[in-house]
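As structure tokens, the structure follows; a few thoughts come after it.
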Amino acid sequence: MSGADDRELVGRAREGDDQAFNELMERHQARVYSHALRLMGNPQDAEEVLQDTFLQAFRNLARFEERSRFSTWIYRIATNEALMRLRKARRKREVFLEDHLGLDGELPRHAIREFVRSALDEVEDRERMKILSDLLAEMPEDYRVAFTMRDIDGLSNAEVADVLGISVAAVKSRLHRSRLYLRDRLALLYGERNAPGAAKS
Amino acid sequence: MTGDCHKHGEDCRKVHELLGDYLDQDLRNALCKELEKHMDDCPDCRVHVDSVKKVIRLYRTSEGDELPVDIRIRLQDVIARARKEQREGE
């Protein structure tokens, strides 16, 4: 690892320095892959997104505007690659968030209270990550993408709106629904895991 | 008492409506304090807000920060091939 910042590496990579581009990849590949995996919901598609993202970056480095950050640029490419694939392959089996949220009032308050008190954070990492990514994968893409970018990756509402080409109000609405959906699903799952007679892992 | 109950219900509705802005710290200070004061007296609203905070925390702390080795190698191969093609085309 060199001490050069991304801007310097981009400059060197543009002049044909292979090592500089390799280092940019090294720095950003894990984040791009995690992002792709959350958006796509499976490792095969996520890997395709990862590869195509860096291929695009490699081929279009000359067009990268230096006033923006490389991390933002690559993140945007990855998001677009993922969205393009998702739109092409529109999943047949989608959960309709509105239908699910219609049940919101029926979810017993104690279930939500138990969820808040639960030690779900302490569930073994791999198992917890599987639960969380499975739930994320069942949400319609519009919601999944907004939640991933805002609540996991930490972009602002305005940045998410910009990437998706929608209004800030639409981002907020998707976020709100996603958060409640995931909360309800996690609370139900937690309830099932802890019901008398449920197998404990 | 009726007045208090009515006010209580209104405040609960406000917490639900403004939850996103509250979590995103997009509310002006006075309104934020008003919601927090209500949550101090209303366990249901407190649980509602805490449960959503918990969802966000669970997801935010579940980031994988390592790329599996096989995926890393295949990515390097893809870029190496693209370099080769580019240089052959020049």
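Identifiers in this document derive from the order of the structure tokens: chains are assigned A, B, ..., residues are numbered from 1 separately in each chain, and ligands are numbered from 1 in order of occurrence.
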Task: Distance-based interface of chain A with chain B, 6 Å, counting only C-alpha atoms, as a PyMOL selection string - done: chain A and resi 30+51+116+152+183
Can you list, as a CSV table (one decimal) with C-alpha atoms, in the first residue's frame, all residues belonging to chain B that DSSP tags as alpha helix (DSSP H)?
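And here's out30.csv as it stands now:
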```
chain,number,residue,atom,x,y,z
B,2,THR,CA,-59.7,14.4,27.7
B,3,GLY,CA,-57.5,17.3,26.5
B,4,ASP,CA,-54.3,15.5,27.7
B,5,CYS,CA,-55.3,12.3,26.0
B,6,HIS,CA,-56.0,14.1,22.8
B,7,LYS,CA,-52.7,15.9,23.0
B,8,HIS,CA,-50.9,12.6,23.8
B,9,GLY,CA,-52.5,11.0,20.7
B,10,GLU,CA,-51.4,13.9,18.6
B,11,ASP,CA,-47.9,13.7,19.8
B,12,CYS,CA,-47.8,9.9,19.1
B,13,ARG,CA,-48.9,10.6,15.6
B,14,LYS,CA,-46.2,13.3,15.3
B,15,VAL,CA,-43.5,10.9,16.4
B,16,HIS,CA,-44.7,8.4,13.7
B,17,GLU,CA,-44.9,11.0,11.0
B,19,LEU,CA,-39.6,9.5,12.6
B,20,GLY,CA,-37.5,9.6,9.5
B,21,ASP,CA,-36.6,13.3,10.0
B,22,TYR,CA,-35.9,12.7,13.7
B,23,LEU,CA,-33.6,9.8,13.0
B,29,ASN,CA,-34.1,21.7,17.7
B,30,ALA,CA,-37.3,22.8,19.3
B,31,LEU,CA,-39.4,20.1,17.5
B,32,CYS,CA,-36.7,17.5,18.3
B,33,LYS,CA,-36.9,18.3,22.0
B,34,GLU,CA,-40.7,18.2,21.9
B,35,LEU,CA,-40.6,14.7,20.5
B,36,GLU,CA,-38.0,13.5,23.0
B,37,LYS,CA,-40.0,15.0,25.8
B,38,HIS,CA,-43.1,13.0,24.6
B,39,MET,CA,-41.0,9.8,24.3
B,40,ASP,CA,-39.9,10.2,27.9
B,41,ASP,CA,-43.6,9.9,28.9
B,43,PRO,CA,-43.1,4.0,26.3
B,44,ASP,CA,-44.8,2.9,23.0
B,45,CYS,CA,-43.3,5.7,21.0
B,46,ARG,CA,-39.9,5.2,22.7
B,47,VAL,CA,-40.0,1.5,21.7
B,48,HIS,CA,-41.1,2.4,18.2
B,49,VAL,CA,-38.2,4.8,17.7
B,50,ASP,CA,-35.7,2.5,19.4
B,51,SER,CA,-36.8,-0.5,17.3
B,52,VAL,CA,-36.1,1.4,14.0
B,53,LYS,CA,-32.8,2.7,15.4
B,54,LYS,CA,-31.9,-0.9,16.2
B,55,VAL,CA,-32.6,-2.0,12.6
B,56,ILE,CA,-30.3,0.6,11.3
B,57,ARG,CA,-27.6,-0.2,13.8
B,58,LEU,CA,-27.8,-4.0,13.0
B,59,TYR,CA,-27.4,-3.3,9.3
B,60,ARG,CA,-24.7,-0.7,9.7
B,69,VAL,CA,-9.7,-14.4,-2.4
B,70,ASP,CA,-11.2,-16.2,-5.5
B,71,ILE,CA,-13.3,-13.1,-6.3
B,72,ARG,CA,-10.3,-10.8,-5.9
B,73,ILE,CA,-8.2,-13.0,-8.3
B,74,ARG,CA,-10.9,-13.2,-10.9
B,75,LEU,CA,-11.3,-9.4,-10.8
B,76,GLN,CA,-7.5,-8.9,-11.3
B,77,ASP,CA,-7.7,-11.3,-14.3
B,78,VAL,CA,-10.6,-9.3,-15.9
B,79,ILE,CA,-8.6,-6.1,-15.6
B,80,ALA,CA,-5.4,-7.7,-16.8
B,81,ARG,CA,-7.3,-8.9,-19.9
B,82,ALA,CA,-8.8,-5.4,-20.5
B,83,ARG,CA,-5.3,-3.9,-20.3
B,84,LYS,CA,-3.9,-6.4,-22.8
B,85,GLU,CA,-6.8,-5.7,-25.2
B,86,GLN,CA,-6.3,-1.9,-24.8
B,87,ARG,CA,-2.6,-2.1,-25.5
B,88,GLU,CA,-3.0,-4.4,-28.5
B,89,GLY,CA,-5.6,-2.0,-29.9
```
- [ ] For atom CA of Asp5 of chain A and atom CA of Glu26 of chain A, determine how far apart the two atoms are, in Å to one decimal place.
- [x] 12.8 Å
Open item on the list: Residues within 9 Å of Ser133 of chain A, please, as a list of chain:residue names. Count only C-alpha atoms; anything in the same chain fewer than 5 positions from it doesn't count.
Closed with: A:Leu37, A:Arg38, A:Gly41, A:Arg128, A:Glu138, B:Tyr59
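In this comparison, which uses only C-alpha atoms, the residue of A:Arg59, A:Arg76, A:Arg117, A:Arg185 approaching Phe21 of chain A most closely is A:Arg59.
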